[in-house]
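**Student:** Take this structure, written in structure tokens, and hold onto it; I'll ask about it next.
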Amino acid sequence: MNDTKPDTVPEKCINCSAELTSPVVCSGCHTLYPLPQSVDYFGLLGLPRAYDLDESALEKRFLSVSRHIHPDYFGSASGEMQQLSVRLSAELNQAVKVLRQPVLRAGYLLELCGGPGPASDRTVPPEVLGETMMLREEIEEAQADEDHPALQRLRKTVEEKRAVLVERIAELARRLPNAAAEDKTALRHTLNAVKYYDNMLELLWEA
Amino acid sequence: MTSKRDIIIGIDLGTTNSLVAWSGPAGPEVIDDGDGPMLPSVVAYADAGGVERIGAPARAHAIENPTNTVYSIKRLIGQSFDDLAEELGRLPYPVERRSGEDGRDMPVVRIGAKRITPQEVSAVILGELRERASRHFGETVNRAVITVPAYFDDAQRQATRDAGAIAGLEVVRIINEPTAAALAYGLDRNKHATVAVYDLGGGTFDVTILRLSGEVFEVLSTAGDTHLGGDDFDRTIMDLAAREIAEQFKLRIESPATQQALRTFAENVKIALSNQDSAALEIDLGEGRTYQRELTVAEFEALIAPYVERTLASCRTALRDARLQPADIDQVVMVGGSTRVPAVRRRVGELFGRAPYTALDPDQVVALGAAIQASVLAGERRDLLLLDVTPLSLGIETMGGAMGKLIMKNTKMPCQATETFTTFQDGQTAVKINVLQGERELARDCRSLGVFNLTGIPPMPAGMPKVDVTFLIDQNGILNVSAKEQRSGAVAAIQIVPAHGLTPDEVKRMTAESIAHAADDMQAHRLIDLRNQVAFDTNKAEQMLERFGEQIDDALRDRIAGELTALRTFADETTDNDELARRLKTFDELTVPLAEAGISSGLREPAQPQGRR
Ligand SMILES: [Zn+2]
């Protein structure tokens, strides 16, 4: 299996010379092309590289690209085309998973714009640490007491606090790619903070 | 219309029953051999290890032949022997751990001196379905879509694919049973809805939540239990009877034959209780002793309640993973024969707050869905798009024996993750990676798919090599692993020791054996045909000799009489088909003057049946 990615997008289909509207597939004859290095998740789905996106366009594009590259349509194709369709579909599925969720989308965009990644900066704002510690204690108590009304209240609180963080993330992510260095750092820290609330919501799902 | 050569059949390989379907011009249909569409998933072996009976005849003789009659093999396929400890005590046929020094752990069925893998047993059932389809089309079918429970792991899926290969089938796709059911359900509705498919079969349970929008079937989540099914309902009745018999008569039910009889009996009671309020249990224990009692629906429902509750817990997990509440589900579709139990329908209805949809034949819908998917794979239609998810998280064993997750459950397939590995010693050229599937925190609580031996790393100081290993789960839910060293670009080799499966060489050997067996069987059939023809022709010649013998010359008459006896003896003794056919032909030529004498005597012989020489 050859994983080397080409650098550029072909303009015309090598098989039928039709103009390529997608970087990975000819919509006319279904010839597949490996995903070029230069194409990111936004490009794969034919969307502008920005935090705000048209959700219905994302879903439409996802289905239309899937219809051209899904391995089920390559049942009688060559082994090479079959393998390529599997790998491209895996990339496409990952792309749509990231772009569908605002928090993942913001994190992905931050990394595309050279911001600090979660591996290099794990800082969480100290006020968040204090607050989540208190909330966790309350959750554990309510769970021990099987106090369902309290758990439901807590779930509402956590959801509201998370929504505030997501709003902050959106605000910062909209400043990309030309955001100031401190904005990028703030965005990373807020993204790190959201994870704490997500983990609490996992505990509270059935409350 | 496409040529028959391109036909891909859809197979529902079930714990209790199996079916084969195809997509014809009038839509998907199940292929019925005249004995009904369902082939019981039962194989009876002769003591020497050869296949004796398949399907209904095997099941009918199960009581006489309990230790050689293999059923519910789906519960064993792709499993480790240790996983099955509880299961095995309940099977009347002997299962043992496969011996071998390669560290693999898989169960094998012991038939006489032979050891038969679950893959080979499943291959017999698949082979029978393949033949059924081939007879239907008048030519050999070579390609199939096979369904598996959504909750099957990589090893179980690989094992099912291997079983197909052993049966001489190219398995073009493994598809999840509830998803197949959704295809059959949703296709003629073509609407937008969120649907839960509740699939309770003989030995497995799945629940899958999908979003249907027009021709797109997008699975949101799936959950289940590969060791929970209608078999367990039967067992509650068996266990109840066995316990009460022990109390009342101080008798223990031990013989495989009695166990098998009890199992059949329990199944019938369960079916009876689906449409009546009580059923009579009556078992003749010999020596004038009879165990008798009435079992009410309420008692039966209390017995099975723990199992039904387990399925509901899986439904809640699936809802949670899809981020949905029960009220978000527009329709609940029931699949699998065990959903005929009224208590199951009622409890599922209560959970989702709506009556489940039961208009489809729960036995056929999975095979029909497989046939629909087969028509997509055959290139006959491009309108349907099936987006399914991986049921289990995939990861690797990290330091300290933890499970390091790389791909989360309910991720859309195909999906992939790349992890970088390095070395701990100078000059180290190989790394072992234990690949896991499951949701638990510790590696030992998850399923090991096998140890992947990464070799061919260029010798470098410790920590210098960076090997990117890509774990790719394809659309069938089957794992493919590839590796590359970052610096040198050297493609490291990945050698897989399957923990509970067969190596490609073993599959090849078993395939060759099963083809050889099929050839043997053909030889045997031909011999039987030839012997019948010999009996017919010699009997006829004998009668003619009596009536018209004096009309031909003495030497010929004596020769025919001599050859007649010789041919009968030879036919009884020989296994050489070609030689027998040659001698039969010579004999028939020799008797031509006798036949002519008969005709000239004005006797009209009845038309001779078409010989199969
Ligand atoms: Zn083209």
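Labels for the structure tokens follow display order: chains A, B, ..., residues from 1 in each chain, ligands from 1.
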What's the 12 Å shell around Arg347 of chain B, counting only C-alpha atoms, without same-chain residues fewer than 2 positions away, as number ranges by chain?
**Tutor:** B: 198, 301, 304-313, 315, 339, 341-345, 349-356
**Student:** Please give me, as a list in words, the residues lying within 10 Å of ligand 1 when counting only C-alpha atoms and all ligand atoms.
**Tutor:**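 Counting only C-alpha atoms and all ligand atoms, the residues within 10 Å of ligand 1 come out as Lys12, Cys13, Ile14, Asn15, Cys16, Ser17, Ala18, Glu19, Leu20, Val25, Cys26, Ser27, Gly28, Cys29, His30, Thr31 and Leu32 of chain A.
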**Student:** Would you write out, as a Markdown table, a table of all residues in chain A that have an atom no more than 7 Å from an atom of chain B, listing for each the closest atom pair and the distance in Å to one decimal, considering only C-alpha atoms and ordering rows by chain and rising residue number?
**Tutor:**
```
| residue | atom | partner | partner_atom | distance |
| --- | --- | --- | --- | --- |
| A:Arg67 | CA | B:Leu385 | CA | 6.6 |
| A:Asp72 | CA | B:Leu377 | CA | 5.5 |
| A:Tyr73 | CA | B:Leu377 | CA | 6.1 |
| A:Gly75 | CA | B:Leu377 | CA | 5.0 |
| A:Ser76 | CA | B:Ala378 | CA | 7.0 |
| A:Val86 | CA | B:Pro414 | CA | 6.1 |
| A:Ser89 | CA | B:Pro414 | CA | 6.1 |
| A:Ala90 | CA | B:Cys415 | CA | 4.2 |
| A:Asn93 | CA | B:Lys412 | CA | 6.2 |
```
**Student:** Using only all heavy atoms, please write the residues we just selected to a file, as a PDB file, in the first residue's frame.
**Tutor:**
```
ATOM      1  N   ARG A  67     -21.305   9.280  -2.174  1.00  0.00           N
ATOM      2  CA  ARG A  67     -21.931   8.563  -3.284  1.00  0.00           C
ATOM      3  C   ARG A  67     -20.945   8.260  -4.405  1.00  0.00           C
ATOM      4  O   ARG A  67     -21.170   7.354  -5.200  1.00  0.00           O
ATOM      5  CB  ARG A  67     -23.074   9.394  -3.854  1.00  0.00           C
ATOM      6  CG  ARG A  67     -24.345   9.202  -3.083  1.00  0.00           C
ATOM      7  CD  ARG A  67     -25.512   9.733  -3.904  1.00  0.00           C
ATOM      8  NE  ARG A  67     -26.730   9.633  -3.118  1.00  0.00           N
ATOM      9  CZ  ARG A  67     -27.349   8.489  -2.912  1.00  0.00           C
ATOM     10  NH1 ARG A  67     -26.891   7.374  -3.440  1.00  0.00           N
ATOM     11  NH2 ARG A  67     -28.428   8.452  -2.169  1.00  0.00           N
ATOM     12  N   ASP A  72     -18.628   0.492  -1.455  1.00  0.00           N
ATOM     13  CA  ASP A  72     -19.702  -0.356  -1.973  1.00  0.00           C
ATOM     14  C   ASP A  72     -19.920  -0.182  -3.471  1.00  0.00           C
ATOM     15  O   ASP A  72     -20.475  -1.054  -4.131  1.00  0.00           O
ATOM     16  CB  ASP A  72     -21.012  -0.075  -1.237  1.00  0.00           C
ATOM     17  CG  ASP A  72     -21.017  -0.687   0.159  1.00  0.00           C
ATOM     18  OD1 ASP A  72     -20.102  -1.480   0.460  1.00  0.00           O
ATOM     19  OD2 ASP A  72     -21.921  -0.369   0.947  1.00  0.00           O
ATOM     20  N   TYR A  73     -19.479   0.981  -4.009  1.00  0.00           N
ATOM     21  CA  TYR A  73     -19.659   1.206  -5.443  1.00  0.00           C
ATOM     22  C   TYR A  73     -18.457   0.722  -6.246  1.00  0.00           C
ATOM     23  O   TYR A  73     -18.390   0.919  -7.447  1.00  0.00           O
ATOM     24  CB  TYR A  73     -19.902   2.693  -5.725  1.00  0.00           C
ATOM     25  CG  TYR A  73     -21.056   3.260  -4.937  1.00  0.00           C
ATOM     26  CD1 TYR A  73     -20.913   4.417  -4.183  1.00  0.00           C
ATOM     27  CD2 TYR A  73     -22.292   2.615  -4.927  1.00  0.00           C
ATOM     28  CE1 TYR A  73     -21.972   4.930  -3.452  1.00  0.00           C
ATOM     29  CE2 TYR A  73     -23.356   3.117  -4.195  1.00  0.00           C
ATOM     30  CZ  TYR A  73     -23.192   4.277  -3.453  1.00  0.00           C
ATOM     31  OH  TYR A  73     -24.229   4.773  -2.731  1.00  0.00           O
ATOM     32  N   GLY A  75     -17.242  -2.491  -5.945  1.00  0.00           N
ATOM     33  CA  GLY A  75     -17.262  -3.952  -5.788  1.00  0.00           C
ATOM     34  C   GLY A  75     -16.613  -4.669  -6.964  1.00  0.00           C
ATOM     35  O   GLY A  75     -16.028  -5.734  -6.805  1.00  0.00           O
ATOM     36  N   SER A  76     -16.712  -4.108  -8.154  1.00  0.00           N
ATOM     37  CA  SER A  76     -16.152  -4.786  -9.330  1.00  0.00           C
ATOM     38  C   SER A  76     -14.931  -4.057  -9.883  1.00  0.00           C
ATOM     39  O   SER A  76     -14.450  -4.386 -10.962  1.00  0.00           O
ATOM     40  CB  SER A  76     -17.219  -4.903 -10.421  1.00  0.00           C
ATOM     41  OG  SER A  76     -18.388  -5.486  -9.885  1.00  0.00           O
ATOM     42  N   VAL A  86     -11.529   2.821   0.020  1.00  0.00           N
ATOM     43  CA  VAL A  86     -11.609   2.591   1.467  1.00  0.00           C
ATOM     44  C   VAL A  86     -10.867   3.707   2.206  1.00  0.00           C
ATOM     45  O   VAL A  86     -11.389   4.303   3.152  1.00  0.00           O
ATOM     46  CB  VAL A  86     -11.023   1.213   1.850  1.00  0.00           C
ATOM     47  CG1 VAL A  86     -10.977   1.039   3.360  1.00  0.00           C
ATOM     48  CG2 VAL A  86     -11.844   0.086   1.226  1.00  0.00           C
ATOM     49  N   SER A  89     -12.638   7.107   1.847  1.00  0.00           N
ATOM     50  CA  SER A  89     -13.859   7.143   2.657  1.00  0.00           C
ATOM     51  C   SER A  89     -13.522   7.330   4.128  1.00  0.00           C
ATOM     52  O   SER A  89     -14.238   8.027   4.853  1.00  0.00           O
ATOM     53  CB  SER A  89     -14.677   5.863   2.462  1.00  0.00           C
ATOM     54  OG  SER A  89     -15.117   5.772   1.129  1.00  0.00           O
ATOM     55  N   ALA A  90     -12.429   6.709   4.575  1.00  0.00           N
ATOM     56  CA  ALA A  90     -12.013   6.886   5.961  1.00  0.00           C
ATOM     57  C   ALA A  90     -11.668   8.358   6.225  1.00  0.00           C
ATOM     58  O   ALA A  90     -12.051   8.926   7.247  1.00  0.00           O
ATOM     59  CB  ALA A  90     -10.824   5.981   6.275  1.00  0.00           C
ATOM     60  N   ASN A  93     -14.952  10.400   6.234  1.00  0.00           N
ATOM     61  CA  ASN A  93     -15.715  10.192   7.467  1.00  0.00           C
ATOM     62  C   ASN A  93     -15.108  10.972   8.627  1.00  0.00           C
ATOM     63  O   ASN A  93     -15.819  11.548   9.448  1.00  0.00           O
ATOM     64  CB  ASN A  93     -15.784   8.702   7.814  1.00  0.00           C
ATOM     65  CG  ASN A  93     -16.692   7.929   6.871  1.00  0.00           C
ATOM     66  OD1 ASN A  93     -17.587   8.508   6.259  1.00  0.00           O
ATOM     67  ND2 ASN A  93     -16.457   6.632   6.743  1.00  0.00           N
TER      68      ASN A  93
END
```
**Student:** Would you kindly return, as a compact mmCIF listing (two decimals) with N, CA, C and O atoms, in the first residue's frame, each protein, DNA or RNA residue with an atom no farther than 6 Å from any atom of segment 115-122 of chain B, considering only C-alpha atoms and excluding same-chain residues fewer than 6 positions away?
**Tutor:**
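Written file, result14.txt:
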```txt
# COMPACT_ATOMS: atom_id res chain seq x y z
N ILE B 77 -18.07 -19.27 16.79
CA ILE B 77 -17.15 -18.83 15.73
C ILE B 77 -16.40 -17.55 16.14
O ILE B 77 -16.98 -16.62 16.69
N VAL B 108 -12.60 -26.18 19.02
CA VAL B 108 -12.85 -27.09 17.89
C VAL B 108 -13.84 -28.16 18.35
O VAL B 108 -13.86 -28.54 19.52
N VAL B 109 -14.66 -28.62 17.41
CA VAL B 109 -15.64 -29.66 17.71
C VAL B 109 -14.97 -31.01 17.49
O VAL B 109 -14.29 -31.20 16.49
N ALA B 163 -15.10 -18.71 6.66
CA ALA B 163 -16.07 -19.79 6.44
C ALA B 163 -16.60 -19.71 5.01
O ALA B 163 -16.75 -20.73 4.33
```
**Student:** Between atom CA of Phe205 of chain B and atom CA of Glu128 of chain B, what is the distance, to one decimal in Å?
**Tutor:**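 Going from atom CA of Phe205 of chain B over to atom CA of Glu128 of chain B, I get 25.3 Å.
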**Student:** Taking only C-alpha atoms into account, name the residue in A:Glu141, A:Asp52, A:Asp40, A:Asp7 that is nearest to Arg174 of chain A.
**Tutor:**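 Among the listed residues, the smallest separation from Arg174 of chain A belongs to A:Asp52.
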**Student:** Might you pull out every residue within 10 Å of Asp32 of chain B, with only C-alpha atoms counted and same-chain residues fewer than 4 positions away left off, and present them as an NGL selection string?
**Tutor:** :B and (19-21 or 36-39 or 132-133 or 136)
**Student:** Output the selection as a compact mmCIF listing (two decimals), in the first residue's frame - N, CA and C atoms for each residue.
**Tutor:**
```
# COMPACT_ATOMS: atom_id res chain seq x y z
N LEU B 19 -30.67 -18.39 5.65
CA LEU B 19 -31.44 -18.18 4.43
C LEU B 19 -30.55 -17.58 3.35
N VAL B 20 -30.98 -17.78 2.08
CA VAL B 20 -30.27 -17.16 0.98
C VAL B 20 -31.29 -16.41 0.12
N ALA B 21 -30.92 -15.21 -0.31
CA ALA B 21 -31.84 -14.39 -1.11
C ALA B 21 -31.08 -13.75 -2.26
N GLY B 36 -39.23 -25.00 2.18
CA GLY B 36 -39.35 -23.77 2.95
C GLY B 36 -38.08 -22.97 2.82
N PRO B 37 -38.17 -21.67 3.09
CA PRO B 37 -37.02 -20.80 2.85
C PRO B 37 -35.90 -20.98 3.87
N MET B 38 -36.22 -21.53 5.04
CA MET B 38 -35.20 -21.56 6.09
C MET B 38 -34.44 -22.88 6.11
N LEU B 39 -33.13 -22.76 6.18
CA LEU B 39 -32.27 -23.94 6.34
C LEU B 39 -31.82 -23.97 7.80
N ARG B 132 -28.04 -24.41 -3.09
CA ARG B 132 -29.46 -24.12 -3.27
C ARG B 132 -29.62 -23.00 -4.30
N ALA B 133 -28.79 -21.97 -4.17
CA ALA B 133 -28.87 -20.84 -5.10
C ALA B 133 -28.42 -21.27 -6.50
N HIS B 136 -31.06 -23.05 -8.21
CA HIS B 136 -32.13 -22.11 -8.59
C HIS B 136 -31.80 -21.41 -9.91
```
**Student:** Looking at only C-alpha atoms, which of A:Asp198, A:Gly130, A:Glu206, A:Thr123 is the one that sits closest to Leu151 of chain A?
**Tutor:** A:Glu206
